[in-house]
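Listing of query-v7.cif; format and content: mmCIF, C-alpha atoms and all ligand atoms.
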data_coords
loop_
_atom_site.group_PDB
_atom_site.id
_atom_site.type_symbol
_atom_site.label_atom_id
_atom_site.label_comp_id
_atom_site.auth_asym_id
_atom_site.auth_seq_id
_atom_site.Cartn_x
_atom_site.Cartn_y
_atom_site.Cartn_z
ATOM 1 C CA MET P 1 9.122 4.951 -17.706
ATOM 2 C CA LYS P 2 9.780 4.681 -13.949
ATOM 3 C CA ASN P 3 7.221 3.018 -11.688
ATOM 4 C CA ILE P 4 5.134 5.086 -9.301
ATOM 5 C CA VAL P 5 4.805 3.162 -6.035
ATOM 6 C CA LEU P 6 2.025 4.240 -3.676
ATOM 7 C CA CYS P 7 2.455 3.375 -0.016
ATOM 8 C CA GLY P 8 0.514 4.195 3.124
ATOM 9 C CA PHE P 9 -1.953 2.869 5.650
ATOM 10 C CA MET P 10 -5.025 0.768 4.843
ATOM 11 C CA GLY P 11 -7.771 3.001 3.498
ATOM 12 C CA CYS P 12 -5.463 5.818 2.334
ATOM 13 C CA GLY P 13 -6.674 5.390 -1.266
ATOM 14 C CA LYS P 14 -3.681 3.637 -2.850
ATOM 15 C CA SER P 15 -5.870 1.628 -5.250
ATOM 16 C CA THR P 16 -8.365 4.372 -6.113
ATOM 17 C CA VAL P 17 -5.674 7.002 -6.589
ATOM 18 C CA GLY P 18 -3.396 4.482 -8.316
ATOM 19 C CA ARG P 19 -5.971 3.748 -11.025
ATOM 20 C CA LEU P 20 -6.351 7.475 -11.744
ATOM 21 C CA VAL P 21 -2.587 8.047 -11.819
ATOM 22 C CA ALA P 22 -2.096 5.064 -14.143
ATOM 23 C CA ALA P 23 -4.776 6.214 -16.581
ATOM 24 C CA ARG P 24 -3.392 9.754 -16.653
ATOM 25 C CA SER P 25 0.285 8.840 -16.996
ATOM 26 C CA GLY P 26 0.076 5.958 -19.463
ATOM 27 C CA ARG P 27 1.260 3.404 -16.924
ATOM 28 C CA ARG P 28 -0.297 0.030 -16.096
ATOM 29 C CA PHE P 29 -1.985 -0.257 -12.711
ATOM 30 C CA VAL P 30 -1.061 -3.180 -10.432
ATOM 31 C CA ASP P 31 -2.635 -3.758 -7.040
ATOM 32 C CA MET P 32 -0.102 -5.735 -5.001
ATOM 33 C CA ASP P 33 -2.714 -7.473 -2.820
ATOM 34 C CA THR P 34 -4.565 -8.646 -5.939
ATOM 35 C CA TYR P 35 -1.246 -9.793 -7.431
ATOM 36 C CA ILE P 36 -0.535 -11.854 -4.270
ATOM 37 C CA GLU P 37 -4.070 -13.295 -4.260
ATOM 38 C CA THR P 38 -3.706 -14.348 -7.888
ATOM 39 C CA GLU P 39 -0.283 -15.926 -7.293
ATOM 40 C CA ALA P 40 -1.536 -17.768 -4.192
ATOM 41 C CA GLY P 41 -4.994 -18.613 -5.559
ATOM 42 C CA ARG P 42 -6.458 -17.478 -2.208
ATOM 43 C CA THR P 43 -7.710 -14.241 -0.666
ATOM 44 C CA ILE P 44 -5.542 -12.252 1.764
ATOM 45 C CA SER P 45 -7.979 -13.151 4.575
ATOM 46 C CA THR P 46 -7.633 -16.864 3.786
ATOM 47 C CA ILE P 47 -3.830 -16.655 3.634
ATOM 48 C CA PHE P 48 -3.762 -14.960 7.073
ATOM 49 C CA ALA P 49 -6.250 -17.478 8.505
ATOM 50 C CA GLU P 50 -4.613 -20.608 7.080
ATOM 51 C CA ASP P 51 -0.906 -19.763 7.090
ATOM 52 C CA GLY P 52 -0.564 -16.713 9.371
ATOM 53 C CA GLU P 53 0.812 -13.227 8.878
ATOM 54 C CA ALA P 54 4.473 -14.309 8.549
ATOM 55 C CA ALA P 55 3.630 -16.446 5.509
ATOM 56 C CA PHE P 56 1.721 -13.526 3.972
ATOM 57 C CA ARG P 57 4.740 -11.253 4.540
ATOM 58 C CA ARG P 58 6.984 -13.708 2.677
ATOM 59 C CA MET P 59 4.578 -13.664 -0.293
ATOM 60 C CA GLU P 60 4.473 -9.886 -0.085
ATOM 61 C CA HIS P 61 8.273 -9.783 -0.194
ATOM 62 C CA GLU P 62 8.315 -11.951 -3.323
ATOM 63 C CA ALA P 63 5.740 -9.619 -4.900
ATOM 64 C CA CYS P 64 7.899 -6.555 -4.120
ATOM 65 C CA VAL P 65 10.930 -8.182 -5.729
ATOM 66 C CA ALA P 66 9.006 -9.331 -8.828
ATOM 67 C CA LEU P 67 7.123 -6.061 -9.406
ATOM 68 C CA GLY P 68 10.198 -3.983 -8.571
ATOM 69 C CA GLU P 69 11.968 -5.471 -11.577
ATOM 70 C CA LYS P 70 9.331 -4.117 -13.965
ATOM 71 C CA THR P 71 8.878 -0.606 -15.345
ATOM 72 C CA GLY P 72 5.943 1.525 -16.510
ATOM 73 C CA LEU P 73 3.712 0.543 -13.583
ATOM 74 C CA VAL P 74 1.692 2.283 -10.914
ATOM 75 C CA ILE P 75 1.929 -0.105 -7.950
ATOM 76 C CA ALA P 76 -0.565 0.147 -5.084
ATOM 77 C CA THR P 77 1.304 -1.641 -2.286
ATOM 78 C CA GLY P 78 -0.347 -3.268 0.718
ATOM 79 C CA GLY P 79 -0.231 -1.158 3.882
ATOM 80 C CA GLY P 80 2.591 -3.257 5.344
ATOM 81 C CA ALA P 81 4.708 -3.690 2.233
ATOM 82 C CA VAL P 82 7.260 -0.951 2.764
ATOM 83 C CA LEU P 83 7.876 -1.754 6.423
ATOM 84 C CA ARG P 84 10.677 -4.157 5.437
ATOM 85 C CA GLU P 85 13.641 -2.216 4.153
ATOM 86 C CA ASP P 86 14.487 -4.873 1.573
ATOM 87 C CA ASN P 87 10.956 -4.520 0.171
ATOM 88 C CA THR P 88 11.389 -0.776 -0.126
ATOM 89 C CA ALA P 89 14.792 -1.217 -1.763
ATOM 90 C CA ALA P 90 13.283 -3.606 -4.334
ATOM 91 C CA LEU P 91 10.458 -1.176 -5.111
ATOM 92 C CA LYS P 92 12.833 1.791 -5.398
ATOM 93 C CA LYS P 93 14.998 -0.009 -7.949
ATOM 94 C CA ASN P 94 12.806 1.262 -10.807
ATOM 95 C CA GLY P 95 10.346 3.407 -8.902
ATOM 96 C CA THR P 96 9.516 6.543 -6.949
ATOM 97 C CA VAL P 97 7.802 5.784 -3.621
ATOM 98 C CA VAL P 98 4.980 8.184 -2.725
ATOM 99 C CA TRP P 99 3.369 8.031 0.733
ATOM 100 C CA LEU P 100 -0.348 8.835 0.915
ATOM 101 C CA ASN P 101 -0.594 10.140 4.484
ATOM 102 C CA ILE P 102 -3.935 9.988 6.286
ATOM 103 C CA ASP P 103 -5.488 10.734 9.621
ATOM 104 C CA PRO P 104 -6.810 7.849 11.797
ATOM 105 C CA ASP P 105 -10.329 9.329 11.671
ATOM 106 C CA THR P 106 -10.292 9.085 7.866
ATOM 107 C CA VAL P 107 -9.256 5.423 8.087
ATOM 108 C CA LEU P 108 -12.029 4.661 10.574
ATOM 109 C CA THR P 109 -14.668 6.351 8.409
ATOM 110 C CA ARG P 110 -13.517 4.746 5.159
ATOM 111 C CA LEU P 111 -13.092 1.242 6.621
ATOM 112 C CA ALA P 112 -16.069 1.245 9.005
ATOM 113 C CA GLY P 113 -17.768 -1.785 7.438
ATOM 114 C CA ASP P 114 -14.686 -3.458 5.964
ATOM 115 C CA THR P 115 -14.229 -7.200 6.491
ATOM 116 C CA THR P 116 -11.262 -7.785 4.175
ATOM 117 C CA ARG P 117 -8.378 -6.496 6.355
ATOM 118 C CA PRO P 118 -7.425 -9.217 8.871
ATOM 119 C CA LEU P 119 -5.459 -6.781 11.049
ATOM 120 C CA LEU P 120 -8.582 -4.672 11.665
ATOM 121 C CA GLN P 121 -11.131 -7.404 12.434
ATOM 122 C CA ARG P 122 -11.225 -6.616 16.156
ATOM 123 C CA ASP P 123 -13.614 -5.150 18.693
ATOM 124 C CA ASP P 124 -11.181 -2.362 19.537
ATOM 125 C CA LYS P 125 -10.742 -1.254 15.924
ATOM 126 C CA ASP P 126 -10.506 2.422 16.850
ATOM 127 C CA ALA P 127 -7.581 1.846 19.231
ATOM 128 C CA ALA P 128 -5.941 -0.640 16.844
ATOM 129 C CA VAL P 129 -5.968 1.846 13.963
ATOM 130 C CA ARG P 130 -4.540 4.644 16.104
ATOM 131 C CA MET P 131 -1.784 2.446 17.515
ATOM 132 C CA LEU P 132 -0.816 0.784 14.226
ATOM 133 C CA LEU P 133 -0.811 4.103 12.408
ATOM 134 C CA SER P 134 1.418 5.828 14.953
ATOM 135 C CA ASP P 135 3.839 2.869 14.851
ATOM 136 C CA ARG P 136 3.909 2.861 11.090
ATOM 137 C CA ASN P 137 4.022 6.524 10.152
ATOM 138 C CA PRO P 138 7.790 6.822 10.823
ATOM 139 C CA LEU P 139 8.345 3.745 8.638
ATOM 140 C CA TYR P 140 6.285 5.146 5.747
ATOM 141 C CA ALA P 141 8.246 8.386 6.128
ATOM 142 C CA ARG P 142 11.538 6.471 5.971
ATOM 143 C CA ALA P 143 10.458 4.639 2.808
ATOM 144 C CA ALA P 144 8.983 7.590 0.924
ATOM 145 C CA ASP P 145 10.596 9.819 -1.685
ATOM 146 C CA ALA P 146 7.584 12.153 -1.402
ATOM 147 C CA VAL P 147 4.552 12.564 0.844
ATOM 148 C CA ILE P 148 1.050 13.679 -0.166
ATOM 149 C CA GLU P 149 -1.736 14.499 2.287
ATOM 150 C CA ALA P 150 -4.498 12.090 1.264
ATOM 151 C CA ASP P 151 -7.539 12.781 3.458
ATOM 152 C CA GLY P 152 -9.231 14.651 0.604
ATOM 153 C CA ASP P 153 -10.736 13.512 -2.656
ATOM 154 C CA ALA P 154 -8.977 11.002 -4.891
ATOM 155 C CA ASP P 155 -8.860 13.240 -7.948
ATOM 156 C CA ALA P 156 -6.901 15.979 -6.143
ATOM 157 C CA VAL P 157 -4.589 13.399 -4.566
ATOM 158 C CA ALA P 158 -3.912 11.834 -7.993
ATOM 159 C CA LYS P 159 -3.010 15.264 -9.408
ATOM 160 C CA ALA P 160 -0.608 15.847 -6.520
ATOM 161 C CA VAL P 161 1.031 12.442 -7.085
ATOM 162 C CA LEU P 162 1.484 13.187 -10.782
ATOM 163 C CA ALA P 163 2.998 16.568 -9.927
ATOM 164 C CA VAL P 164 5.683 15.067 -7.681
ATOM 165 C CA CYS P 165 6.478 12.340 -10.240
ATOM 166 C CA ASP P 166 6.531 14.788 -13.140
ATOM 167 C CA ASP P 167 10.053 14.069 -14.336
ATOM 168 C CA ASP P 168 9.841 10.303 -14.064
HETATM 169 C C1 LIG K 1 -2.039 -4.807 5.402
HETATM 170 C C2 LIG K 1 -2.700 -4.063 4.461
HETATM 171 C C3 LIG K 1 -3.549 -4.672 3.425
HETATM 172 C C4 LIG K 1 -3.119 -6.109 3.142
HETATM 173 C C5 LIG K 1 -3.064 -6.885 4.405
HETATM 174 C C6 LIG K 1 -2.078 -6.293 5.431
HETATM 175 C C7 LIG K 1 -1.212 -4.113 6.410
HETATM 176 O O1 LIG K 1 -3.474 -3.909 2.225
HETATM 177 O O2 LIG K 1 -1.880 -6.148 2.483
HETATM 178 O O3 LIG K 1 -4.362 -6.953 4.953
HETATM 179 O O4 LIG K 1 -0.377 -4.749 7.082
HETATM 180 O O5 LIG K 1 -1.367 -2.866 6.561
HETATM 181 P P1 LIG K 1 -4.234 -2.479 1.977
HETATM 182 O O6 LIG K 1 -3.349 -1.414 2.543
HETATM 183 O O7 LIG K 1 -4.324 -2.400 0.499
HETATM 184 O O8 LIG K 1 -5.545 -2.567 2.655
#

Produce structure tokens that represent the structure in this file.
Amino acid sequence: MKNIVLCGFMGCGKSTVGRLVAARSGRRFVDMDTYIETEAGRTISTIFAEDGEAAFRRMEHEACVALGEKTGLVIATGGGAVLREDNTAALKKNGTVVWLNIDPDTVLTRLAGDTTRPLLQRDDKDAAVRMLLSDRNPLYARAADAVIEADGDADAVAKAVLAVCDDD
């Protein structure tokens, strides 16, 4: 069974939707950030703080290559994972990439009190989200085999993901 790879911005619901899609399609759910944390023995925040973003991106690349070799998974990627084309290529080897597209206002509401995303721990969070999202949307679009509007509830989004991956 092919992998279903969920990509999109922080807060788009990749993990919540991914668990539902996995349970309903008989695949195993893997959260890429959790996978990296387990491999590194440190949280994402600690990796960023101690080693910097570039080191995190190298670990993320290794995770894309390792998970891309497997089959029968639903993979919730980190929000930056598919921005490198070689990451996307690795994930597409055995998988369909689905972009969960969201509005900046949805991100800001969902992540209002979040302290776990190093890129959003700033006073100008509103501006940072809007800028990052507009820079990244073309890159998610380039990576994706399908796009689902994901501002609504997770159950409906999961159904839409399953519908586009029906033949996989
Ligand atoms: C990141 C998104 C995070 C995590 C890291 C960097 C990004 O994952 O990988 O903080 O660059 O967008 P989530 O999208 O699961 O929050």

For this session: I would like the residues chosen by the PyMOL selection byres (((not hetatm)) within 8 of (chain K and resi 1)) on the shown file; could you give them as a PyMOL selection string?
Result: chain P and resi 7-12+14-15+31-33+44-45+60+76-81+116-119

For this session: Decode the PyMOL selection byres (((chain P and resi 66) around 12) and not hetatm) for the given file into explicit residues and return them as a ChimeraX atom specification.
Result: /P:30,32,35-36,39,59-65,67-71,75,87,90-91,93-94

Serialized selection, C-alpha atoms, as a PDB file, in the coordinates of the input:
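For reference, again-v3.pdb as written:
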ATOM      1  CA  VAL P  30      -1.061  -3.180 -10.432  1.00  0.00           C
ATOM      2  CA  MET P  32      -0.102  -5.735  -5.001  1.00  0.00           C
ATOM      3  CA  TYR P  35      -1.246  -9.793  -7.431  1.00  0.00           C
ATOM      4  CA  ILE P  36      -0.535 -11.854  -4.270  1.00  0.00           C
ATOM      5  CA  GLU P  39      -0.283 -15.926  -7.293  1.00  0.00           C
ATOM      6  CA  MET P  59       4.578 -13.664  -0.293  1.00  0.00           C
ATOM      7  CA  GLU P  60       4.473  -9.886  -0.085  1.00  0.00           C
ATOM      8  CA  HIS P  61       8.273  -9.783  -0.194  1.00  0.00           C
ATOM      9  CA  GLU P  62       8.315 -11.951  -3.323  1.00  0.00           C
ATOM     10  CA  ALA P  63       5.740  -9.619  -4.900  1.00  0.00           C
ATOM     11  CA  CYS P  64       7.899  -6.555  -4.120  1.00  0.00           C
ATOM     12  CA  VAL P  65      10.930  -8.182  -5.729  1.00  0.00           C
ATOM     13  CA  LEU P  67       7.123  -6.061  -9.406  1.00  0.00           C
ATOM     14  CA  GLY P  68      10.198  -3.983  -8.571  1.00  0.00           C
ATOM     15  CA  GLU P  69      11.968  -5.471 -11.577  1.00  0.00           C
ATOM     16  CA  LYS P  70       9.331  -4.117 -13.965  1.00  0.00           C
ATOM     17  CA  THR P  71       8.878  -0.606 -15.345  1.00  0.00           C
ATOM     18  CA  ILE P  75       1.929  -0.105  -7.950  1.00  0.00           C
ATOM     19  CA  ASN P  87      10.956  -4.520   0.171  1.00  0.00           C
ATOM     20  CA  ALA P  90      13.283  -3.606  -4.334  1.00  0.00           C
ATOM     21  CA  LEU P  91      10.458  -1.176  -5.111  1.00  0.00           C
ATOM     22  CA  LYS P  93      14.998  -0.009  -7.949  1.00  0.00           C
ATOM     23  CA  ASN P  94      12.806   1.262 -10.807  1.00  0.00           C
TER      24      ASN P  94
END

Could you list, with a cut-off of 9 Å and counting only C-alpha atoms, the residues of range 49-114 of chain P near range 158-166 of chain P, each shown with its nearest atom pair and the distance in Å rounded to one decimal, rows sorted by chain and ascending number, as a Markdown table?
| residue | atom | partner | partner_atom | distance |
| --- | --- | --- | --- | --- |
| P:Thr96 | CA | P:Cys165 | CA | 7.3 |
| P:Val98 | CA | P:Val161 | CA | 7.3 |
| P:Leu100 | CA | P:Val161 | CA | 8.9 |

Exercise. For Met1 in chain P, which residue among P:Asp145, P:Leu20, P:Gly72, P:Ala127 is the nearest when counting only C-alpha atoms?
Worked result: P:Gly72

Problem set entry | Exercise: Leu73 in chain P partners within 8 Å, all atoms listed in the file, chain neighbours under 3 positions left out, as a PyMOL selection string | chain P and resi 2-4+22+27-30+70

Problem set entry | CA of Trp99 in chain P to CA of Val147 in chain P, straight-line distance in Å |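 If I compute the distance from CA of Val147 in chain P to CA of Trp99 in chain P, I get 4.7 Å.
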
Exercise. Can you tell me how far CA of Ala141 in chain P sits from CA of Leu120 in chain P, in Å to one decimal?
Worked result: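 Spanning CA of Ala141 in chain P to CA of Leu120 in chain P is a straight-line distance of 22.0 Å.
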
For this session: Quick one: pull the distance between CA of Leu132 in chain P and CA of Asp105 in chain P, Å, one decimal.
Result: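 Those two atoms sit 13.0 Å apart.
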
Exercise. For Asp124 in chain P, which residue out of P:Val74, P:Ala49, P:Gly41, P:Leu108 is the nearest one, using all atoms listed in the file?
Worked result: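 Selected residue with least distance to Asp124 in chain P: P:Leu108.
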
Exercise. Do you know which residues the PyMOL selection byres (((chain P and resi 136-139) around 9) and not hetatm) returns on this file, as a count of residues only?
Worked result: 17
